[in-house]
Protein chains: 4
Amino acid sequence: VNLEDVLPGGVGRLSSGSRNAITDVDGVAVGNRTLDEPAAVNTGVTVVEPTDAVAFEQPVTGNAFVLNGFGKSTGLMQLRELGTIETPLALTNTLDVGTAASALVDHSLEAAGPDVRSVNPLVLECNDGYLHDIRGRHVSATDVHAAIDAAGESVAEGAVGGGRGMTAFGRKGGIGSASRRVAVAGEPRVVGVLVLANFGRLRDLRVGGVPVGQRLAAESATGDAAPGNDDDGSIAVVVATDVPLTARQLGRVAKRAPLGMARTGGYAHHGSGDLAVAFSTAPGDADTAADAALDPVFEGAADATEEAILSALFAADRTEGRDGHVVDALDAAAVEDALRSYPWG
Amino acid sequence: VNLEDVLPGGVGRLSSGSRNAITDVDGVAVGNRTLDEPAAVNTGVTVVEPTDAVAFEQPVTGNAFVLNGFGKSTGLMQLRELGTIETPLALTNTLDVGTAASALVDHSLEAAGPDVRSVNPLVLECNDGYLHDIRGRHVSATDVHAAIDAAGESVAEGAVGGGRGMTAFGRKGGIGSASRRVAVAGEPRVVGVLVLANFGRLRDLRVGGVPVGQRLAAESATGDAAPGNDDDGSIAVVVATDVPLTARQLGRVAKRAPLGMARTGGYAHHGSGDLAVAFSTAPGDADTAADAALDPVFEGAADATEEAILSALFAADRTEGRDGHVVDALDAAAVEDALRSYPWG
Amino acid sequence: VNLEDVLPGGVGRLSSGSRNAITDVDGVAVGNRTLDEPAAVNTGVTVVEPTDAVAFEQPVTGNAFVLNGFGKSTGLMQLRELGTIETPLALTNTLDVGTAASALVDHSLEAAGPDVRSVNPLVLECNDGYLHDIRGRHVSATDVHAAIDAAGESVAEGAVGGGRGMTAFGRKGGIGSASRRVAVAGEPRVVGVLVLANFGRLRDLRVGGVPVGQRLAAESATGDAAPGNDDDGSIAVVVATDVPLTARQLGRVAKRAPLGMARTGGYAHHGSGDLAVAFSTAPGDADTAADAALDPVFEGAADATEEAILSALFAADRTEGRDGHVVDALDAAAVEDALRSYPWG
Amino acid sequence: VNLEDVLPGGVGRLSSGSRNAITDVDGVAVGNRTLDEPAAVNTGVTVVEPTDAVAFEQPVTGNAFVLNGFGKSTGLMQLRELGTIETPLALTNTLDVGTAASALVDHSLEAAGPDVRSVNPLVLECNDGYLHDIRGRHVSATDVHAAIDAAGESVAEGAVGGGRGMTAFGRKGGIGSASRRVAVAGEPRVVGVLVLANFGRLRDLRVGGVPVGQRLAAESATGDAAPGNDDDGSIAVVVATDVPLTARQLGRVAKRAPLGMARTGGYAHHGSGDLAVAFSTAPGDADTAADAALDPVFEGAADATEEAILSALFAADRTEGRDGHVVDALDAAAVEDALRSYPWG
């Protein structure tokens, strides 16, 4: 049972791109470096390259929205001021953000030549400390470089890269991706999303809108006490598009990602770093879209976020971690059963 | 058929207060002044009084969140700076905000004595121009005063007060309200919400999470071309609670209202004024809650927002307006049918 | 003695435009409506028209920055979301903001045709309640329309229009204006500023940077207890430019206005509405300037703000107001003496 | 010639604390680790410890304001959300922020015990790349720990710690500090400031408000083309106080730091990371001050910032750096001459 079987039409009314992934936006590449060693190390790095050029030399226009700022992401201040992204985006665990930031700096210094003395690394994070020995600070600069080197159009989902140790809705979470085709001012465009999903309680899970988590939690041996990040989960969302947009407009787009998150059952808990970064790959001299034409982009961003989260859940495998901690995969068959028998009363 | 029949358990897992309305928060009162004259005038004013004292003399702590700022609400700048609400909140149509603001000023000058020379009126708005002769600027100061005078614990819903001419999901919208009981640091508390719902397309409507709007739109004579505010709808949300919170914390609470909005199918369209104001009625010398105790408040705010929107739809009656415009009531039986036959294929 | 005598080179190193006023930016017009009746009424409206077209039909790009939000200005929410100004800007007293907003709505409904049903009026304010019977709500829609009708290239300064009853640094304040010529990407451009100055304590006044207020306050019969708005003064700054800028960039420009304010001795007191609105009159299809070219614009905005405040002080006449309140004009000769004898030993 | 000689009364009307440094606020400690090797390495780390307890276990209330966000500081997102500072603050060079962040994480993991799995490190930065081989990434975790270990009440100024390679107004800048005694609600309190000053053009320098930089630049061999960071300088300001304040109020305090910066002649250039962090050392259960009592705190924050910047300039020595780059110390005697002969004609 996979997501397509449970929700044949996917989420919402828009169609997906050919890969149904963020890399449906031309030029965007995704790479993973996964660290897993039995019973202790479950972490990694996922890199989103916003352009096939050197990012520092050809920054893309971007912006961010923070729904809940209990998080350690870095690079957002300059992103908001200048509206540009000048490094690949790295997604990793909370305590290795500094390492990843330094690695992105080194990467840019090397790629962009000897006169560069200022780089704004963009690193997003969630906390995988339930499954992973996060205090061990296992991610190295080499791992970040490996993720960059591995970047391509294919997007692995689930317990990979930065998503290796993440938990969502009391079940195994991690990396998910989806895309939507939209028409903006008559032009065919794409909105792509990649999420690092590490949030939510099982009882709150909604699939296709249906609150299946109520039933799953009732039937679960662990019930509400599902393992993982009941209180301190987070989600990082990356939204890419080829629609030519200003930084102000991309800030508007980023604000729609939480709408998709909400529809999966997330409440943006106190201890959550809930944020979205949005960027446009359109060349700098393109005429930017009118604000009045943005509704399809908003819809695409919300729907692709909702689907990317579900996709991460359906893709992720049961994972054993530190100190005997185990997080099961979501039981897709049970989801299907719950969904098909809804409403229940 | 009413909302309780369609969703017997309501929205989410928390129980409602005795009125299932914002007035379940002690001291909060709601009043309406409805203006309707055949075929032209469909508007009004809804007032939320945050305290049973004179607001200017005993301001409550508050804050706001703007999801999409295409709107003309006033008073938010000072609310964010000082974290206090010093007048009743008025909800009315877009073009009569100035009139309502002036009326709140006069009300406060009179209520608070001859030395007062500075008042920050708080007015939220949506655009009822599809049904209402909004250009006629029909709301007067007298209407605002009448709404204040009418304020009490009973909350009328649907096409009343400021909601008289509003449209939501292509069907009649307006005022809705709901509440949730929450436990914060062991104390029983209440979160109450009142919405002015004027947003959304029929095809996007979700009830209890189920995308019933897909079916309703397919079966509708007007289909996607449902009348009203396809592109420029708005929603104003007022969240009240008796949990003692700082202004910073209330800003966090206000950010959860859009999560409930999203679950009804809203995308916060370009032309939407989507915002939430949150306030606490707790006395100023109460010990404020710890941030780590806020999750139930977040959940209550999101769930009550979702239910208040649905409640507005279920309560609102078919309304005839200017130039032959008509907006039907939501067909609750059709919603029930769609919901019970989901998934459909 | 006037400002040019005291500071022959003006403020900073940039030269002024031909009028040394905001109307040096092509298309910008300023109009005043002054209300003064002996011993009670000292208020008015100043209007800045950002373009010689109907603003609603040809909005200009704009943004705002709030240094201290103890104020009742309206229209900022939509300005920040969309980055456009669609009405003239009105500056008036605190309690008549609603009246002015309604008048701007009516003006736009009439000017822009019968299909317009949504208008975002932009009104800035300061509190003239020390000299003016502000509780009397004397400004009418007619006054706003009169200010619009009076708009032209000549800019009156001092106790006129919205500045009629304002106090700055314990002396008579009000409207001031200045401009700077700047080169941006090789093109000659203009930055113009208009202020409504109603803030500051005499002891803090700095002219040309020199803290002359220390001496003036020591010599003043009233000393620190200078009349007026010791605690609750405000300043509204309007920055205009013909540099083609995005809304994001104009937000950056608006943030420089307080730097000029600071140099006159302002601290942005608790009770102050300190804000700046910046707009560009460049046509929408102009290529926007690179961020790296903005430094001259920042410098011009700060310097013109500093000079506009001083200009308001030097231009404003002694004014008698309600209940025997009197605010003297700044003693320009004493300023000159203090400045020329600085440092004082 | 030192600052006290040039400005006998210091800046403003408030008196200084006994050290005239940020450590006049009880519990605050400052430590430096300076790295200098001939002709290449001129950098370091300055640490501000907000409390004499382990910060992670007893976080202080804080907030931040970003005037210009061209910078790479980290930790601000969570600071704004939760209003707490849970690590020492580190100030270092732009490209070693990641290293410093990781070192603060390790420090906190060790200090706060084995159950800690989430730490928000707070690192501010300026770019010392004119004098320093910044691409060499010379700062190590050991250097950060050494700065923490060195923390005490004595505050070194000038070309030390993170300030080792910084340039301000075309002359040697770096670390500066000052404090002000204020009365808040009748209680004697302290506001202390520490700056990392790396901004400004010589021609714009103002001392005691007087634009002495005009004269210094005219007389300088290098004139406007003073070396260093003409375009991309930055300033980081740390404001400490023992006034009990909420995070919201501390955000208001942080906004006053740029007013002091402006009075030294800064314009917050495009390429500048201009930001201020403010925190309160008052115990969490103290009754917070009323907003209406904040004016002295605002004044102290602005004045201490102005003086701390000047103090950094007067304290810093001529420094030789990479590739033959040299930055002279400010010629204090020339400043004194210019100031005493002002106005100049």
# chains A, B, ... in the order shown; residues from 1 in each chain; ligands from 1
>>> closest_atom_pairs(of="chain B", to="chain A", cutoff="8 Å", atoms="only C-alpha atoms", output="CSV")
residue,atom,partner,partner_atom,distance
B:Leu67,CA,A:Lys255,CA,7.1
B:Asn68,CA,A:Arg252,CA,7.6
B:Arg206,CA,A:Gly209,CA,7.5
B:Gly208,CA,A:Val210,CA,7.1
B:Gly209,CA,A:Gly209,CA,4.0
B:Val210,CA,A:Gly209,CA,5.1
B:Pro211,CA,A:Gly209,CA,6.9
B:Arg252,CA,A:Asn68,CA,7.6
B:Lys255,CA,A:Leu67,CA,7.0
B:Arg256,CA,A:Tyr267,CA,7.0
B:Pro258,CA,A:Leu259,CA,7.3
B:Leu259,CA,A:Ala262,CA,5.1
B:Gly260,CA,A:Ala262,CA,7.4
B:Ala262,CA,A:Leu259,CA,5.1
B:Arg263,CA,A:Arg263,CA,5.3
B:Tyr267,CA,A:Glu299,CA,6.2
B:Ala268,CA,A:Arg256,CA,7.6
B:His269,CA,A:Asp295,CA,5.7
B:His270,CA,A:Asp295,CA,6.0
B:Gly271,CA,A:Ala292,CA,7.4
B:Asp291,CA,A:His270,CA,6.8
B:Ala292,CA,A:His270,CA,6.2
B:Leu294,CA,A:His270,CA,6.5
B:Asp295,CA,A:His269,CA,5.6
B:Phe298,CA,A:Tyr267,CA,6.8
B:Glu299,CA,A:Tyr267,CA,6.2
B:Ala302,CA,A:Tyr267,CA,7.4
B:Leu339,CA,A:Pro343,CA,7.3
B:Arg340,CA,A:Pro343,CA,6.2
B:Tyr342,CA,A:Tyr342,CA,7.1
B:Pro343,CA,A:Arg340,CA,6.2
>>> write_last_selection(atoms="N, CA and C atoms", output="PDB file, in the first residue's frame")
ATOM      1  N   LEU B  67      -1.696  36.655   8.288  1.00  0.00           N
ATOM      2  CA  LEU B  67      -1.281  35.640   7.311  1.00  0.00           C
ATOM      3  C   LEU B  67      -1.206  36.261   5.932  1.00  0.00           C
ATOM      4  N   ASN B  68      -2.208  37.029   5.578  1.00  0.00           N
ATOM      5  CA  ASN B  68      -2.199  37.733   4.291  1.00  0.00           C
ATOM      6  C   ASN B  68      -2.790  39.114   4.501  1.00  0.00           C
ATOM      7  N   ARG B 206     -13.552  21.774   2.945  1.00  0.00           N
ATOM      8  CA  ARG B 206     -13.361  20.523   3.677  1.00  0.00           C
ATOM      9  C   ARG B 206     -14.199  20.585   4.950  1.00  0.00           C
ATOM     10  N   GLY B 208     -14.842  18.478   8.425  1.00  0.00           N
ATOM     11  CA  GLY B 208     -14.259  17.370   9.176  1.00  0.00           C
ATOM     12  C   GLY B 208     -13.039  16.824   8.472  1.00  0.00           C
ATOM     13  N   GLY B 209     -12.425  17.673   7.661  1.00  0.00           N
ATOM     14  CA  GLY B 209     -11.243  17.268   6.932  1.00  0.00           C
ATOM     15  C   GLY B 209     -11.540  16.716   5.549  1.00  0.00           C
ATOM     16  N   VAL B 210     -12.737  16.210   5.351  1.00  0.00           N
ATOM     17  CA  VAL B 210     -13.082  15.570   4.078  1.00  0.00           C
ATOM     18  C   VAL B 210     -13.336  16.641   3.007  1.00  0.00           C
ATOM     19  N   PRO B 211     -12.737  16.480   1.848  1.00  0.00           N
ATOM     20  CA  PRO B 211     -12.872  17.495   0.788  1.00  0.00           C
ATOM     21  C   PRO B 211     -14.213  17.442   0.078  1.00  0.00           C
ATOM     22  N   ARG B 252       1.926  33.969  19.480  1.00  0.00           N
ATOM     23  CA  ARG B 252       2.062  32.559  19.102  1.00  0.00           C
ATOM     24  C   ARG B 252       0.684  31.911  18.947  1.00  0.00           C
ATOM     25  N   LYS B 255      -1.062  32.788  15.723  1.00  0.00           N
ATOM     26  CA  LYS B 255      -0.517  32.103  14.544  1.00  0.00           C
ATOM     27  C   LYS B 255      -1.160  30.738  14.323  1.00  0.00           C
ATOM     28  N   ARG B 256      -1.848  30.190  15.299  1.00  0.00           N
ATOM     29  CA  ARG B 256      -2.484  28.881  15.128  1.00  0.00           C
ATOM     30  C   ARG B 256      -3.864  28.990  14.491  1.00  0.00           C
ATOM     31  N   PRO B 258      -4.758  30.307  11.626  1.00  0.00           N
ATOM     32  CA  PRO B 258      -4.748  29.893  10.217  1.00  0.00           C
ATOM     33  C   PRO B 258      -4.649  28.386  10.016  1.00  0.00           C
ATOM     34  N   LEU B 259      -4.154  27.656  10.995  1.00  0.00           N
ATOM     35  CA  LEU B 259      -4.111  26.198  10.837  1.00  0.00           C
ATOM     36  C   LEU B 259      -5.523  25.639  10.784  1.00  0.00           C
ATOM     37  N   GLY B 260      -6.400  26.192  11.620  1.00  0.00           N
ATOM     38  CA  GLY B 260      -7.804  25.782  11.557  1.00  0.00           C
ATOM     39  C   GLY B 260      -8.460  26.228  10.261  1.00  0.00           C
ATOM     40  N   ALA B 262      -6.991  26.621   7.429  1.00  0.00           N
ATOM     41  CA  ALA B 262      -6.487  25.765   6.347  1.00  0.00           C
ATOM     42  C   ALA B 262      -7.277  24.463   6.264  1.00  0.00           C
ATOM     43  N   ARG B 263      -7.663  23.935   7.419  1.00  0.00           N
ATOM     44  CA  ARG B 263      -8.350  22.636   7.437  1.00  0.00           C
ATOM     45  C   ARG B 263      -9.775  22.706   6.904  1.00  0.00           C
ATOM     46  N   TYR B 267      -6.968  28.803   1.270  1.00  0.00           N
ATOM     47  CA  TYR B 267      -5.581  28.927   0.809  1.00  0.00           C
ATOM     48  C   TYR B 267      -5.020  30.322   1.071  1.00  0.00           C
ATOM     49  N   ALA B 268      -5.797  31.207   1.713  1.00  0.00           N
ATOM     50  CA  ALA B 268      -5.336  32.571   1.901  1.00  0.00           C
ATOM     51  C   ALA B 268      -4.979  33.192   0.551  1.00  0.00           C
ATOM     52  N   HIS B 269      -6.005  33.380  -0.245  1.00  0.00           N
ATOM     53  CA  HIS B 269      -5.805  33.913  -1.593  1.00  0.00           C
ATOM     54  C   HIS B 269      -5.155  35.295  -1.574  1.00  0.00           C
ATOM     55  N   HIS B 270      -4.584  35.615  -2.714  1.00  0.00           N
ATOM     56  CA  HIS B 270      -3.916  36.915  -2.877  1.00  0.00           C
ATOM     57  C   HIS B 270      -4.737  38.077  -2.332  1.00  0.00           C
ATOM     58  N   GLY B 271      -6.017  38.080  -2.652  1.00  0.00           N
ATOM     59  CA  GLY B 271      -6.828  39.247  -2.305  1.00  0.00           C
ATOM     60  C   GLY B 271      -7.452  39.168  -0.931  1.00  0.00           C
ATOM     61  N   ASP B 291       5.789  28.795  28.442  1.00  0.00           N
ATOM     62  CA  ASP B 291       5.630  28.479  27.021  1.00  0.00           C
ATOM     63  C   ASP B 291       5.427  26.984  26.795  1.00  0.00           C
ATOM     64  N   ALA B 292       6.087  26.189  27.598  1.00  0.00           N
ATOM     65  CA  ALA B 292       5.996  24.742  27.402  1.00  0.00           C
ATOM     66  C   ALA B 292       4.596  24.209  27.697  1.00  0.00           C
ATOM     67  N   LEU B 294       1.853  25.633  26.487  1.00  0.00           N
ATOM     68  CA  LEU B 294       0.932  26.272  25.543  1.00  0.00           C
ATOM     69  C   LEU B 294       0.295  25.334  24.520  1.00  0.00           C
ATOM     70  N   ASP B 295       0.813  24.123  24.366  1.00  0.00           N
ATOM     71  CA  ASP B 295       0.291  23.273  23.294  1.00  0.00           C
ATOM     72  C   ASP B 295      -1.225  23.115  23.320  1.00  0.00           C
ATOM     73  N   PHE B 298      -2.714  26.164  21.787  1.00  0.00           N
ATOM     74  CA  PHE B 298      -2.561  26.162  20.322  1.00  0.00           C
ATOM     75  C   PHE B 298      -3.619  25.251  19.689  1.00  0.00           C
ATOM     76  N   GLU B 299      -3.758  24.075  20.259  1.00  0.00           N
ATOM     77  CA  GLU B 299      -4.706  23.112  19.698  1.00  0.00           C
ATOM     78  C   GLU B 299      -6.131  23.659  19.772  1.00  0.00           C
ATOM     79  N   ALA B 302      -6.654  26.425  17.107  1.00  0.00           N
ATOM     80  CA  ALA B 302      -6.806  25.912  15.742  1.00  0.00           C
ATOM     81  C   ALA B 302      -8.144  25.204  15.580  1.00  0.00           C
ATOM     82  N   LEU B 339     -19.929  13.577   2.761  1.00  0.00           N
ATOM     83  CA  LEU B 339     -19.028  13.138   3.814  1.00  0.00           C
ATOM     84  C   LEU B 339     -19.200  11.642   4.079  1.00  0.00           C
ATOM     85  N   ARG B 340     -20.444  11.201   4.063  1.00  0.00           N
ATOM     86  CA  ARG B 340     -20.689   9.797   4.402  1.00  0.00           C
ATOM     87  C   ARG B 340     -20.318   8.846   3.266  1.00  0.00           C
ATOM     88  N   TYR B 342     -17.634   9.326   1.409  1.00  0.00           N
ATOM     89  CA  TYR B 342     -16.208   9.485   1.130  1.00  0.00           C
ATOM     90  C   TYR B 342     -15.440   8.286   1.649  1.00  0.00           C
ATOM     91  N   PRO B 343     -14.362   7.827   1.039  1.00  0.00           N
ATOM     92  CA  PRO B 343     -13.858   8.274  -0.265  1.00  0.00           C
ATOM     93  C   PRO B 343     -14.732   7.782  -1.416  1.00  0.00           C
TER      94      PRO B 343
END
>>> select_by_dssp(residues="segment 22-200 of chain A", states="helix (DSSP H, G or I)", output="number ranges by chain")
A: 22-24, 76-82, 94-112, 134-136, 141-149, 161-163
>>> residues_around(residues="Val190 of chain D", least_positions_apart="6", cutoff="8 Å", atoms="only C-alpha atoms", output="list in words")
Gly17, Asp24, Val25, Ser179, Arg180, Arg181, Val182, Thr241, Asp242 and Val243 of chain D
>>> residues_around(residues="Val144 of chain B", least_positions_apart="3", cutoff="8 Å", atoms="only C-alpha atoms", output="ChimeraX atom specification")
/B:33,45,47,90,100,103-104,139-141,147-148
>>> closest_residue(among="B:Leu275, B:Val119, B:Leu245, B:Met77", to="Asp96 of chain C", atoms="only C-alpha atoms")
B:Val119
>>> residues_around(residues="Gly10 of chain D", least_positions_apart="6", cutoff="8 Å", atoms="only C-alpha atoms", output="VMD selection string")
chain D and resid 3 to 4 208 307
>>> residues_around(residues="Asn32 of chain B", least_positions_apart="4", cutoff="10 Å", atoms="only C-alpha atoms", output="list in words")
Gly44, Val45, Thr46, Val47, Val48, Ala90, Leu91, Asp143, Val144, His145, Ala146, Ala147, Ile148, Asp149, Ala150, Ala151, Gly152, Val155, Ala156, Glu157, Val160, Gly161, Gly162, Gly163, Arg164 and Ile175 of chain B
>>> residues_around(residues="Val195 of chain B", least_positions_apart="6", cutoff="7 Å", atoms="only C-alpha atoms", output="MDAnalysis selection string")
chainID B and resid 175:177 235:238 308:309
>>> write_last_selection(atoms="all heavy atoms", output="mmCIF file, in the first residue's frame")
data_model
loop_
_atom_site.group_PDB
_atom_site.id
_atom_site.type_symbol
_atom_site.label_atom_id
_atom_site.label_comp_id
_atom_site.auth_asym_id
_atom_site.auth_seq_id
_atom_site.Cartn_x
_atom_site.Cartn_y
_atom_site.Cartn_z
ATOM 1 N N ILE B 175 -20.687 35.277 10.532
ATOM 2 C CA ILE B 175 -20.173 35.110 11.889
ATOM 3 C C ILE B 175 -20.295 33.651 12.354
ATOM 4 O O ILE B 175 -21.354 33.039 12.196
ATOM 5 C CB ILE B 175 -20.961 36.017 12.871
ATOM 6 C CG1 ILE B 175 -20.803 37.494 12.491
ATOM 7 C CG2 ILE B 175 -20.523 35.772 14.314
ATOM 8 C CD1 ILE B 175 -19.411 38.049 12.656
ATOM 9 N N GLY B 176 -19.230 33.137 12.919
ATOM 10 C CA GLY B 176 -19.259 31.829 13.557
ATOM 11 C C GLY B 176 -18.453 31.862 14.836
ATOM 12 O O GLY B 176 -17.571 32.700 15.009
ATOM 13 N N SER B 177 -18.743 30.951 15.720
ATOM 14 C CA SER B 177 -18.016 30.948 16.987
ATOM 15 C C SER B 177 -17.935 29.533 17.536
ATOM 16 O O SER B 177 -18.779 28.684 17.234
ATOM 17 C CB SER B 177 -18.703 31.890 17.994
ATOM 18 O OG SER B 177 -17.855 32.165 19.086
ATOM 19 N N ILE B 235 -10.720 36.541 5.908
ATOM 20 C CA ILE B 235 -11.216 36.051 7.176
ATOM 21 C C ILE B 235 -10.538 36.800 8.319
ATOM 22 O O ILE B 235 -9.325 36.996 8.320
ATOM 23 C CB ILE B 235 -11.019 34.531 7.344
ATOM 24 C CG1 ILE B 235 -11.518 34.091 8.727
ATOM 25 C CG2 ILE B 235 -9.577 34.118 7.128
ATOM 26 C CD1 ILE B 235 -11.653 32.604 8.915
ATOM 27 N N ALA B 236 -11.386 37.211 9.258
ATOM 28 C CA ALA B 236 -10.871 37.812 10.487
ATOM 29 C C ALA B 236 -11.214 36.864 11.626
ATOM 30 O O ALA B 236 -12.356 36.418 11.744
ATOM 31 C CB ALA B 236 -11.509 39.171 10.720
ATOM 32 N N VAL B 237 -10.212 36.563 12.440
ATOM 33 C CA VAL B 237 -10.393 35.642 13.556
ATOM 34 C C VAL B 237 -10.071 36.371 14.857
ATOM 35 O O VAL B 237 -9.049 37.054 14.947
ATOM 36 C CB VAL B 237 -9.462 34.412 13.422
ATOM 37 C CG1 VAL B 237 -9.708 33.421 14.557
ATOM 38 C CG2 VAL B 237 -9.626 33.749 12.067
ATOM 39 N N VAL B 238 -10.947 36.221 15.835
ATOM 40 C CA VAL B 238 -10.676 36.742 17.175
ATOM 41 C C VAL B 238 -10.580 35.551 18.118
ATOM 42 O O VAL B 238 -11.503 34.741 18.191
ATOM 43 C CB VAL B 238 -11.792 37.691 17.647
ATOM 44 C CG1 VAL B 238 -11.464 38.238 19.038
ATOM 45 C CG2 VAL B 238 -11.997 38.819 16.644
ATOM 46 N N ALA B 308 -15.516 27.132 14.112
ATOM 47 C CA ALA B 308 -16.252 28.396 13.995
ATOM 48 C C ALA B 308 -16.549 28.726 12.540
ATOM 49 O O ALA B 308 -17.634 29.232 12.201
ATOM 50 C CB ALA B 308 -15.457 29.533 14.647
ATOM 51 N N ILE B 309 -15.616 28.418 11.659
ATOM 52 C CA ILE B 309 -15.852 28.672 10.232
ATOM 53 C C ILE B 309 -16.979 27.791 9.720
ATOM 54 O O ILE B 309 -17.903 28.262 9.037
ATOM 55 C CB ILE B 309 -14.552 28.436 9.433
ATOM 56 C CG1 ILE B 309 -13.499 29.479 9.810
ATOM 57 C CG2 ILE B 309 -14.834 28.456 7.933
ATOM 58 C CD1 ILE B 309 -12.093 29.143 9.335
#
>>> closest_residue(among="A:Val212, A:Val28, A:Ile85, A:Ala64", to="Ala254 of chain A", atoms="only C-alpha atoms")
A:Ala64
